[in-house]
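Engineer: Please read through the structure below; I'll follow up with questions.
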Amino acid sequence: MSEAPQRLRYRHEFLRVARGGKKCAMPGLVLQVRKQQILENKQNQKNIRIGFTVSKKIGNSVTRNRARRRLRSVADIVMQKSAASGNDYVIIGRKSTTKREFCALVKDLENALTMLGKARLDGFSKNEGHAK
RNA sequence: CCAGACGGUCGGAUGGCUGCCCUAAGCAUAUGGGAAACCUGCGGUGGGAGGAAAGUCCGGGCUCCACGGGGACACAGUGCCGGGUAAUACCCGGCGAGGGCGACCUCAGGGAAAGUGCCACAGAAAGCAAACCGCCUGUCCUAACUUUAUUAGGCAGGUAAGGGUGAAAGGGUGCGGUAAGAGCGCACCGCGCCAAUGGCAACAUUGACGGCAGGGUAAACCACACUGGGAGCAAGACCGAAUAGGAGCGACAACUUAAAUCUAAUUUAAAGGCACGUCUCCGUGCCGUCGCUCGGGUGGGUUGCAUGAGGUGCGCGGUAACGUGCAUCCCAGAUGAAUAGCCAUCCCCUUGAAAACAGGGACAGAACCCGGCUUACAGACCGUCUGGUAUU
RNA sequence: GCCGCCGUAACUCAGGGGUAGAGUACUCCCUUGGUAAGGGAGAAGUCGUGAGUUCGAAUCUCACCGGCGGCA
């Protein structure tokens, strides 16, 4: 269990992911992905990093805490097997996060990952095309 | 049984599996991250949100700064009395005023006779009282009238009963009295003042006197009494890249006056400005630009950081708040921030005649720590008391 | 976490105890061949919410609600 994912901690990291990454909205959550910076070490690049964002629009601090905990347990289940290494992920809570069933949240995250995986491949091919 | 008042307790319960945060004994001082400081391993004992954790409205502990010395002023807060407390604007017990049939509740509840201000509109008059409509008197004048009487108007007075305005019009009710009236007199009530008694006191009771003076507003200024230095754990301490800023040295530029030197530059003194709430007396510190050197220090890490005005039980003192003695317990410490997911049984609520099924579980998340206040809150339980109804 | 500031017409703001105002915007009329500008008239307000003080509160006091800013 030593491969517990690192957490994003600072505002600029979140802003970097939100600005330059891909985004996918599902009924229970919103997922953002961006590849990590190349300046980091190789060992660091193996890890995936996850951040959670639950804004004040969702509710008071109790409901915000609850939403973040559910998102974290969902990420614990899903990310280890199906997340691509070397990426930064940001999961954003929505108003339905506290009410939605847990299995549905898991499926939401899996679907978002597959969608963004395809999107990322497409983006890479496009970038290469531009480079050429 | 119904309706209600007050006080207190709880804030869904139990179990299983997979995970999270802190942590004791023990094992390793190796690996990894980092520039460094420092963090990190294995292991798993024990523990893991609240009555309001909230609002940040008060009071403290703790930390740093000012802590030069006064004096005057200012600012802010509190305001019946006594007690409790580390302290309070909190709590307890009394007193007074108001509300309720009652249990009981509410009260920024001192001074308006130190002074100043304000009281719009309406109204005659809104503050050393006054006289609009009225009422009354006249041996005054005019008119009606033969005269008296009477009536109307004017003039000169008296009056504060009645009307009207207003939130408020300078005691209230009744009787006497009078030309009409009036504390003018009397009784009761209110008010003021004096004395006695009771009480630590606020105050209460009684008696005598006064003869109504002193409208309201101090959550208007204010006077009186008391209290208060400022900031806050993003306080502070320690370890530590770069940059900016600081100190020393050198160079340059500017300057109000005086003295020293022929001038410049420099030095000294005074003056000026800024800082310590303001002023004053003294006292202290500082006063532009560029280059070099030095120690310090932000982002980062460690600490502050959880044994405390602590909880629980019993006894004693006290009407109570509370104090005190003994025993016992250790009970969250994160820093993008720890309680989640699934399952089972029970409890409660909703839909419903009932069962089953289904859905749901109030308000709400510690961030240095305590004592209060205020605000939010589904429901459940306990105790004391009041009013009504019924029965005995 | 701590410390401050502000809520008044659709918008920007005055008013700091006595009938709540200004500018822009809106509606109607005049002017013009028509529009703009200009002139005239009008409508639009729980003064953030609730208590209290006062005869009387947008104003004074207290408690809430909402918004904004500062401190590493």
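Going by the structure tokens order, chains are called A, B, ..., each with residues numbered from 1, while ligands are numbered from 1 in the order shown.
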Would you mind listing what lies within 8 Å of Gly51 in chain A as a ChimeraX atom specification, with only C-alpha atoms (C1' of nucleotides) counted and same-chain residues fewer than 2 positions away left out?

Structural biologist: /A:7-9,14,49,53,88-91 /B:336

Engineer: Produce a file of the selected residues containing N, CA and C atoms (P, O5', C5', C4', C3', O3' and C1' of nucleotides), as a short mmCIF file (atom, residue, chain, number, x, y, z; two decimals), in the first residue's frame.

Structural biologist:
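Result file follows (again.cif):
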data_model
loop_
_atom_site.label_atom_id
_atom_site.label_comp_id
_atom_site.auth_asym_id
_atom_site.auth_seq_id
_atom_site.Cartn_x
_atom_site.Cartn_y
_atom_site.Cartn_z
N ARG A 7 -1.15 13.95 -2.86
CA ARG A 7 -2.23 14.92 -2.99
C ARG A 7 -1.67 16.22 -3.55
N LEU A 8 -2.47 16.86 -4.37
CA LEU A 8 -2.15 18.22 -4.76
C LEU A 8 -2.44 19.14 -3.58
N ARG A 9 -1.53 20.10 -3.35
CA ARG A 9 -1.66 20.89 -2.12
C ARG A 9 -1.82 22.38 -2.35
N PHE A 14 -3.43 23.46 -8.67
CA PHE A 14 -4.83 23.31 -9.10
C PHE A 14 -5.10 24.17 -10.32
N ARG A 49 -1.02 11.98 -9.03
CA ARG A 49 -1.38 12.91 -7.97
C ARG A 49 -2.84 13.32 -8.14
N THR A 53 -11.62 19.26 -5.07
CA THR A 53 -12.15 20.61 -4.94
C THR A 53 -13.63 20.51 -4.69
N ASP A 88 -1.67 14.45 -13.30
CA ASP A 88 -2.33 15.12 -12.18
C ASP A 88 -3.82 15.09 -12.44
N TYR A 89 -4.57 14.68 -11.43
CA TYR A 89 -6.02 14.64 -11.54
C TYR A 89 -6.63 15.59 -10.53
N VAL A 90 -7.70 16.25 -10.91
CA VAL A 90 -8.49 17.06 -9.96
C VAL A 90 -9.93 16.62 -10.09
N ILE A 91 -10.49 16.21 -8.97
CA ILE A 91 -11.89 15.79 -8.94
C ILE A 91 -12.68 16.88 -8.23
P G B 336 -2.62 22.39 3.96
"O5'" G B 336 -3.58 21.31 3.30
"C5'" G B 336 -4.93 21.21 3.73
"C4'" G B 336 -5.79 20.65 2.64
"C3'" G B 336 -5.16 19.54 1.83
"O3'" G B 336 -6.16 18.59 1.48
"C1'" G B 336 -5.78 21.29 0.41
#

Engineer: Which residues are close to C314 in chain B, i.e. within 12 Å by only C-alpha atoms (C1' of nucleotides), leaving aside same-chain residues fewer than 3 positions away? Reply as a PyMOL selection string.

Structural biologist: chain B and resi 325-328

Engineer: Would you mind listing what lies within 12 Å of range 76-83 of chain A as a PyMOL selection string, with only C-alpha atoms (C1' of nucleotides) counted and same-chain residues fewer than 4 positions away left out?

Structural biologist: (chain A and resi 1-6+33+35+46-50+69-72+87-91+102-103+105-117) or (chain B and resi 18-20+340-341)

Engineer: Define the interface residues of chain B facing chain A as those within 12 Å, counting only C-alpha atoms (C1' of nucleotides), and report them as a list in words.

Structural biologist: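 Filtering chain B at 12 Å from chain A with only C-alpha atoms (C1' of nucleotides) gives U18, G19, C20, G32, G33, U40, G41, A49, A53, A54, U335, G336, A337, A338, U339, A340, G341, C342, C363, A364 and G365 of chain B.
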
Engineer: Include N, CA and C atoms (P, O5', C5', C4', C3', O3' and C1' of nucleotides) and write out the residues we just selected as a CSV table (one decimal), in the first residue's frame.

Structural biologist:
chain,number,residue,atom,x,y,z
B,18,U,P,-10.5,-6.9,6.7
B,18,U,O5',-10.7,-5.7,5.7
B,18,U,C5',-10.6,-6.1,4.3
B,18,U,C4',-10.9,-4.8,3.4
B,18,U,C3',-10.0,-3.7,3.7
B,18,U,O3',-8.7,-3.8,3.1
B,18,U,C1',-12.2,-2.9,3.5
B,19,G,P,-7.4,-3.0,3.6
B,19,G,O5',-7.7,-1.5,3.3
B,19,G,C5',-7.2,-0.4,4.0
B,19,G,C4',-7.8,0.9,3.6
B,19,G,C3',-7.4,2.1,4.5
B,19,G,O3',-6.2,2.7,4.0
B,19,G,C1',-9.8,2.0,4.4
B,20,C,P,-5.2,3.2,5.0
B,20,C,O5',-5.8,4.6,5.5
B,20,C,C5',-6.1,5.6,4.6
B,20,C,C4',-6.7,6.8,5.2
B,20,C,C3',-5.9,7.4,6.4
B,20,C,O3',-4.8,8.2,5.9
B,20,C,C1',-8.1,7.3,7.0
B,32,G,P,18.6,5.4,-1.5
B,32,G,O5',17.2,6.2,-1.5
B,32,G,C5',16.2,5.7,-2.3
B,32,G,C4',14.9,6.4,-1.9
B,32,G,C3',14.9,8.0,-2.0
B,32,G,O3',14.8,8.4,-3.3
B,32,G,C1',13.9,7.3,0.0
B,33,G,P,15.6,9.8,-3.8
B,33,G,O5',14.6,10.9,-3.1
B,33,G,C5',13.3,11.0,-3.5
B,33,G,C4',12.6,12.1,-2.7
B,33,G,C3',13.3,13.5,-2.6
B,33,G,O3',13.1,14.2,-3.8
B,33,G,C1',12.5,12.9,-0.5
B,40,U,P,8.0,11.8,10.2
B,40,U,O5',8.3,10.8,9.0
B,40,U,C5',7.4,10.6,7.9
B,40,U,C4',8.0,9.8,6.8
B,40,U,C3',8.3,8.4,7.1
B,40,U,O3',7.1,7.6,6.9
B,40,U,C1',10.2,9.3,6.1
B,41,G,P,6.8,6.4,7.9
B,41,G,O5',7.9,5.3,7.6
B,41,G,C5',8.0,4.8,6.2
B,41,G,C4',8.9,3.6,6.2
B,41,G,C3',8.3,2.4,7.0
B,41,G,O3',7.4,1.6,6.2
B,41,G,C1',10.6,2.7,7.6
B,49,A,P,-15.2,10.7,17.9
B,49,A,O5',-16.0,12.0,17.5
B,49,A,C5',-15.3,13.1,16.9
B,49,A,C4',-15.4,14.4,17.7
B,49,A,C3',-16.9,14.8,17.9
B,49,A,O3',-17.0,15.5,19.1
B,49,A,C1',-15.7,16.4,16.6
B,53,A,P,-19.6,25.3,22.4
B,53,A,O5',-18.7,24.7,21.2
B,53,A,C5',-18.6,25.3,20.0
B,53,A,C4',-17.5,24.7,19.2
B,53,A,C3',-17.3,25.3,17.8
B,53,A,O3',-16.5,26.4,17.7
B,53,A,C1',-17.5,22.9,17.7
B,54,A,P,-16.7,27.4,16.5
B,54,A,O5',-17.9,26.9,15.6
B,54,A,C5',-18.0,27.0,14.2
B,54,A,C4',-19.1,28.0,13.8
B,54,A,C3',-19.0,29.3,14.5
B,54,A,O3',-18.0,30.2,14.0
B,54,A,C1',-21.2,28.5,14.8
B,335,U,P,-1.4,17.1,8.5
B,335,U,O5',-1.8,18.6,8.1
B,335,U,C5',-2.7,18.8,7.0
B,335,U,C4',-3.1,20.3,6.9
B,335,U,C3',-2.1,21.2,6.2
B,335,U,O3',-2.9,22.2,5.5
B,335,U,C1',-2.5,22.0,8.4
B,336,G,P,-2.6,22.4,4.0
B,336,G,O5',-3.6,21.3,3.3
B,336,G,C5',-4.9,21.2,3.7
B,336,G,C4',-5.8,20.6,2.6
B,336,G,C3',-5.2,19.5,1.8
B,336,G,O3',-6.2,18.6,1.5
B,336,G,C1',-5.8,21.3,0.4
B,337,A,P,-6.0,17.1,2.0
B,337,A,O5',-6.1,17.3,3.6
B,337,A,C5',-7.3,17.4,4.2
B,337,A,C4',-7.2,17.8,5.7
B,337,A,C3',-8.5,17.9,6.5
B,337,A,O3',-8.9,16.7,7.0
B,337,A,C1',-7.1,19.8,6.8
B,338,A,P,-10.3,16.0,6.5
B,338,A,O5',-10.3,14.6,7.1
B,338,A,C5',-9.4,13.6,6.5
B,338,A,C4',-9.0,12.6,7.5
B,338,A,C3',-10.0,11.9,8.3
B,338,A,O3',-10.6,10.8,7.7
B,338,A,C1',-8.3,12.8,9.7
B,339,U,P,-12.1,10.7,7.3
B,339,U,O5',-12.6,9.5,8.1
B,339,U,C5',-13.7,8.7,7.6
B,339,U,C4',-14.7,8.4,8.7
B,339,U,C3',-15.9,9.4,8.7
B,339,U,O3',-17.1,8.7,9.0
B,339,U,C1',-14.8,9.4,10.8
B,340,A,P,-18.5,9.2,8.2
B,340,A,O5',-18.4,8.9,6.7
B,340,A,C5',-17.8,9.7,5.8
B,340,A,C4',-17.1,8.9,4.7
B,340,A,C3',-17.9,7.7,4.2
B,340,A,O3',-18.9,8.1,3.2
B,340,A,C1',-15.7,7.1,4.6
B,341,G,P,-20.3,7.3,3.1
B,341,G,O5',-19.9,5.9,2.4
B,341,G,C5',-19.4,5.9,1.1
B,341,G,C4',-18.9,4.5,0.7
B,341,G,C3',-20.0,3.4,1.0
B,341,G,O3',-21.0,3.4,0.0
B,341,G,C1',-17.8,2.7,1.7
B,342,C,P,-22.5,3.0,0.5
B,342,C,O5',-22.4,1.5,0.7
B,342,C,C5',-22.1,0.6,-0.4
B,342,C,C4',-21.8,-0.8,0.1
B,342,C,C3',-22.8,-1.4,1.0
B,342,C,O3',-23.9,-1.9,0.2
B,342,C,C1',-20.7,-1.8,1.9
B,363,C,P,-31.0,19.9,9.3
B,363,C,O5',-30.3,21.0,10.2
B,363,C,C5',-31.0,22.2,10.7
B,363,C,C4',-30.3,22.8,11.8
B,363,C,C3',-28.8,23.2,11.6
B,363,C,O3',-28.7,24.5,11.0
B,363,C,C1',-29.0,22.0,13.7
B,364,A,P,-27.8,24.6,9.7
B,364,A,O5',-26.4,24.8,10.3
B,364,A,C5',-25.3,23.9,10.0
B,364,A,C4',-24.7,23.4,11.2
B,364,A,C3',-23.2,23.0,11.1
B,364,A,O3',-22.4,24.1,11.3
B,364,A,C1',-24.5,21.3,12.2
B,365,G,P,-21.1,24.3,10.3
B,365,G,O5',-19.9,23.7,11.1
B,365,G,C5',-19.6,22.3,10.9
B,365,G,C4',-18.6,21.9,11.9
B,365,G,C3',-17.1,22.2,11.5
B,365,G,O3',-16.4,22.5,12.7
B,365,G,C1',-17.4,19.9,11.7

Engineer: Write out as a VMD selection string all residues of range 17-102 of chain A that DSSP puts in strand (DSSP E) for this structure's backbone.

Structural biologist: chain A and resid 22 to 25 29 to 35 49 to 53 87 to 93

Engineer: Could you please determine the separation between C1' of C3 in chain C and C1' of A219 in chain B in Å, to one decimal place?

Structural biologist: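 Between these atoms lies a distance of 26.2 Å.
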
Engineer: Enumerate, as a PyMOL selection string, the complete set of residues in range 49-130 of chain A that a backbone-based DSSP assignment places in helix (DSSP H, G or I).

Structural biologist: chain A and resi 61-82+102-130

Engineer: Which residues are near C6 in chain C? Cut-off 12 Å, only C-alpha atoms (C1' of nucleotides), ignore same chain within fewer than 3 positions. Put them as a VMD selection string.

Structural biologist: chain C and resid 48 66 to 69

Engineer: What would the file look like if the residues just selected were written as a PDB file, in the first residue's frame with N, CA and C atoms (P, O5', C5', C4', C3', O3' and C1' of nucleotides)?

Structural biologist:
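Output below, filename selection-v4.pdb:
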ATOM      1  P     G C  48     -31.492  49.197   4.771  1.00  0.00           P
ATOM      2  O5'   G C  48     -31.266  47.834   3.981  1.00  0.00           O
ATOM      3  C5'   G C  48     -32.304  47.285   3.173  1.00  0.00           C
ATOM      4  C4'   G C  48     -32.376  45.795   3.328  1.00  0.00           C
ATOM      5  C3'   G C  48     -33.126  45.303   4.549  1.00  0.00           C
ATOM      6  O3'   G C  48     -34.517  45.241   4.309  1.00  0.00           O
ATOM      7  C1'   G C  48     -31.050  44.178   4.399  1.00  0.00           C
ATOM      8  P     G C  66     -26.030  34.318   5.636  1.00  0.00           P
ATOM      9  O5'   G C  66     -25.771  35.449   4.551  1.00  0.00           O
ATOM     10  C5'   G C  66     -26.554  35.507   3.373  1.00  0.00           C
ATOM     11  C4'   G C  66     -26.340  36.797   2.619  1.00  0.00           C
ATOM     12  C3'   G C  66     -24.923  37.081   2.174  1.00  0.00           C
ATOM     13  O3'   G C  66     -24.540  36.345   1.021  1.00  0.00           O
ATOM     14  C1'   G C  66     -25.854  39.036   3.087  1.00  0.00           C
ATOM     15  P     G C  67     -23.012  35.942   0.802  1.00  0.00           P
ATOM     16  O5'   G C  67     -22.315  37.328   0.407  1.00  0.00           O
ATOM     17  C5'   G C  67     -22.607  37.943  -0.822  1.00  0.00           C
ATOM     18  C4'   G C  67     -22.088  39.357  -0.879  1.00  0.00           C
ATOM     19  C3'   G C  67     -20.581  39.530  -0.815  1.00  0.00           C
ATOM     20  O3'   G C  67     -19.947  39.253  -2.053  1.00  0.00           O
ATOM     21  C1'   G C  67     -21.598  41.110   0.602  1.00  0.00           C
ATOM     22  P     C C  68     -18.454  38.681  -2.065  1.00  0.00           P
ATOM     23  O5'   C C  68     -17.571  39.937  -1.647  1.00  0.00           O
ATOM     24  C5'   C C  68     -17.496  41.077  -2.491  1.00  0.00           C
ATOM     25  C4'   C C  68     -16.773  42.223  -1.818  1.00  0.00           C
ATOM     26  C3'   C C  68     -15.346  41.956  -1.381  1.00  0.00           C
ATOM     27  O3'   C C  68     -14.421  41.986  -2.457  1.00  0.00           O
ATOM     28  C1'   C C  68     -16.484  43.105   0.331  1.00  0.00           C
ATOM     29  P     G C  69     -13.081  41.078  -2.336  1.00  0.00           P
ATOM     30  O5'   G C  69     -12.204  41.840  -1.247  1.00  0.00           O
ATOM     31  C5'   G C  69     -11.648  43.104  -1.549  1.00  0.00           C
ATOM     32  C4'   G C  69     -11.114  43.797  -0.331  1.00  0.00           C
ATOM     33  C3'   G C  69      -9.912  43.146   0.341  1.00  0.00           C
ATOM     34  O3'   G C  69      -8.696  43.386  -0.340  1.00  0.00           O
ATOM     35  C1'   G C  69     -11.466  43.828   1.983  1.00  0.00           C
TER      36        G C  69
END

Engineer: So how far away is C1' of A58 in chain C from C1' of G21 in chain C, in Å?

Structural biologist: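 Spanning C1' of G21 in chain C to C1' of A58 in chain C is a straight-line distance of 12.2 Å.
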
Engineer: Report the distance between C1' of A179 in chain B and C1' of A156 in chain B in Å, rounded to one decimal place.

Structural biologist: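 C1' of A179 in chain B sits 16.4 Å away from C1' of A156 in chain B.
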
Engineer: Give me, as CSV, the closest atom pair and its distance (Å, one decimal) for every residue of range 248-352 of chain B within a cut-off of 8 Å of range 62-84 of chain B, counting only C-alpha atoms (C1' of nucleotides), rows sorted by chain and rising number.

Structural biologist:
residue,atom,partner,partner_atom,distance
B:C276,C1',B:A66,C1',7.8
B:U278,C1',B:A74,C1',7.1
B:C279,C1',B:C73,C1',7.7
B:G283,C1',B:G68,C1',7.5
B:U284,C1',B:G68,C1',7.7
B:A321,C1',B:G84,C1',5.8
B:C322,C1',B:G84,C1',5.9

Engineer: Take the residues from that selection and write them out as a PDB file, in the first residue's frame, keeping N, CA and C atoms (P, O5', C5', C4', C3', O3' and C1' of nucleotides).

Structural biologist:
ATOM      1  P     C B 276       3.035  57.231  16.886  1.00  0.00           P
ATOM      2  O5'   C B 276       3.084  56.883  18.447  1.00  0.00           O
ATOM      3  C5'   C B 276       3.206  55.517  18.868  1.00  0.00           C
ATOM      4  C4'   C B 276       4.003  55.424  20.142  1.00  0.00           C
ATOM      5  C3'   C B 276       3.460  56.217  21.329  1.00  0.00           C
ATOM      6  O3'   C B 276       2.397  55.545  21.961  1.00  0.00           O
ATOM      7  C1'   C B 276       5.807  56.466  21.173  1.00  0.00           C
ATOM      8  P     U B 278       0.150  60.929  19.592  1.00  0.00           P
ATOM      9  O5'   U B 278      -0.756  62.104  20.151  1.00  0.00           O
ATOM     10  C5'   U B 278      -1.744  62.705  19.329  1.00  0.00           C
ATOM     11  C4'   U B 278      -2.437  63.829  20.065  1.00  0.00           C
ATOM     12  C3'   U B 278      -1.519  64.843  20.719  1.00  0.00           C
ATOM     13  O3'   U B 278      -1.080  65.836  19.800  1.00  0.00           O
ATOM     14  C1'   U B 278      -3.168  64.185  22.265  1.00  0.00           C
ATOM     15  P     C B 279       0.395  66.504  19.929  1.00  0.00           P
ATOM     16  O5'   C B 279       0.257  67.424  21.216  1.00  0.00           O
ATOM     17  C5'   C B 279      -0.602  68.565  21.197  1.00  0.00           C
ATOM     18  C4'   C B 279      -0.702  69.183  22.571  1.00  0.00           C
ATOM     19  C3'   C B 279       0.622  69.499  23.248  1.00  0.00           C
ATOM     20  O3'   C B 279       1.191  70.712  22.771  1.00  0.00           O
ATOM     21  C1'   C B 279      -0.838  68.464  24.799  1.00  0.00           C
ATOM     22  P     G B 283      16.602  67.429  27.614  1.00  0.00           P
ATOM     23  O5'   G B 283      16.379  65.857  27.621  1.00  0.00           O
ATOM     24  C5'   G B 283      16.946  65.066  28.659  1.00  0.00           C
ATOM     25  C4'   G B 283      16.482  63.634  28.568  1.00  0.00           C
ATOM     26  C3'   G B 283      16.741  62.933  27.241  1.00  0.00           C
ATOM     27  O3'   G B 283      18.062  62.460  27.134  1.00  0.00           O
ATOM     28  C1'   G B 283      14.520  62.530  27.894  1.00  0.00           C
ATOM     29  P     U B 284      18.771  62.447  25.678  1.00  0.00           P
ATOM     30  O5'   U B 284      18.099  61.191  24.954  1.00  0.00           O
ATOM     31  C5'   U B 284      18.209  59.895  25.537  1.00  0.00           C
ATOM     32  C4'   U B 284      17.433  58.875  24.749  1.00  0.00           C
ATOM     33  C3'   U B 284      17.708  58.830  23.257  1.00  0.00           C
ATOM     34  O3'   U B 284      18.915  58.161  22.952  1.00  0.00           O
ATOM     35  C1'   U B 284      15.384  58.707  23.633  1.00  0.00           C
ATOM     36  P     A B 321     -26.022  25.870  43.498  1.00  0.00           P
ATOM     37  O5'   A B 321     -25.300  27.103  42.801  1.00  0.00           O
ATOM     38  C5'   A B 321     -25.656  27.506  41.474  1.00  0.00           C
ATOM     39  C4'   A B 321     -25.041  28.850  41.143  1.00  0.00           C
ATOM     40  C3'   A B 321     -23.515  28.875  41.081  1.00  0.00           C
ATOM     41  O3'   A B 321     -23.025  28.474  39.822  1.00  0.00           O
ATOM     42  C1'   A B 321     -24.298  30.678  42.399  1.00  0.00           C
ATOM     43  P     C B 322     -22.017  27.240  39.685  1.00  0.00           P
ATOM     44  O5'   C B 322     -20.966  27.455  40.877  1.00  0.00           O
ATOM     45  C5'   C B 322     -19.898  28.380  40.762  1.00  0.00           C
ATOM     46  C4'   C B 322     -19.454  28.842  42.135  1.00  0.00           C
ATOM     47  C3'   C B 322     -18.351  28.019  42.798  1.00  0.00           C
ATOM     48  O3'   C B 322     -17.057  28.361  42.330  1.00  0.00           O
ATOM     49  C1'   C B 322     -20.084  28.392  44.357  1.00  0.00           C
TER      50        C B 322
END

Engineer: Leaving out range 193-201 of chain B and any residue of its chain fewer than 3 positions from it, which residues lie within 9 Å of it when counting only C-alpha atoms (C1' of nucleotides), given as a list in words?

Structural biologist: C81, G82, A204, U205, U206, G207, A208, C209 and G210 of chain B
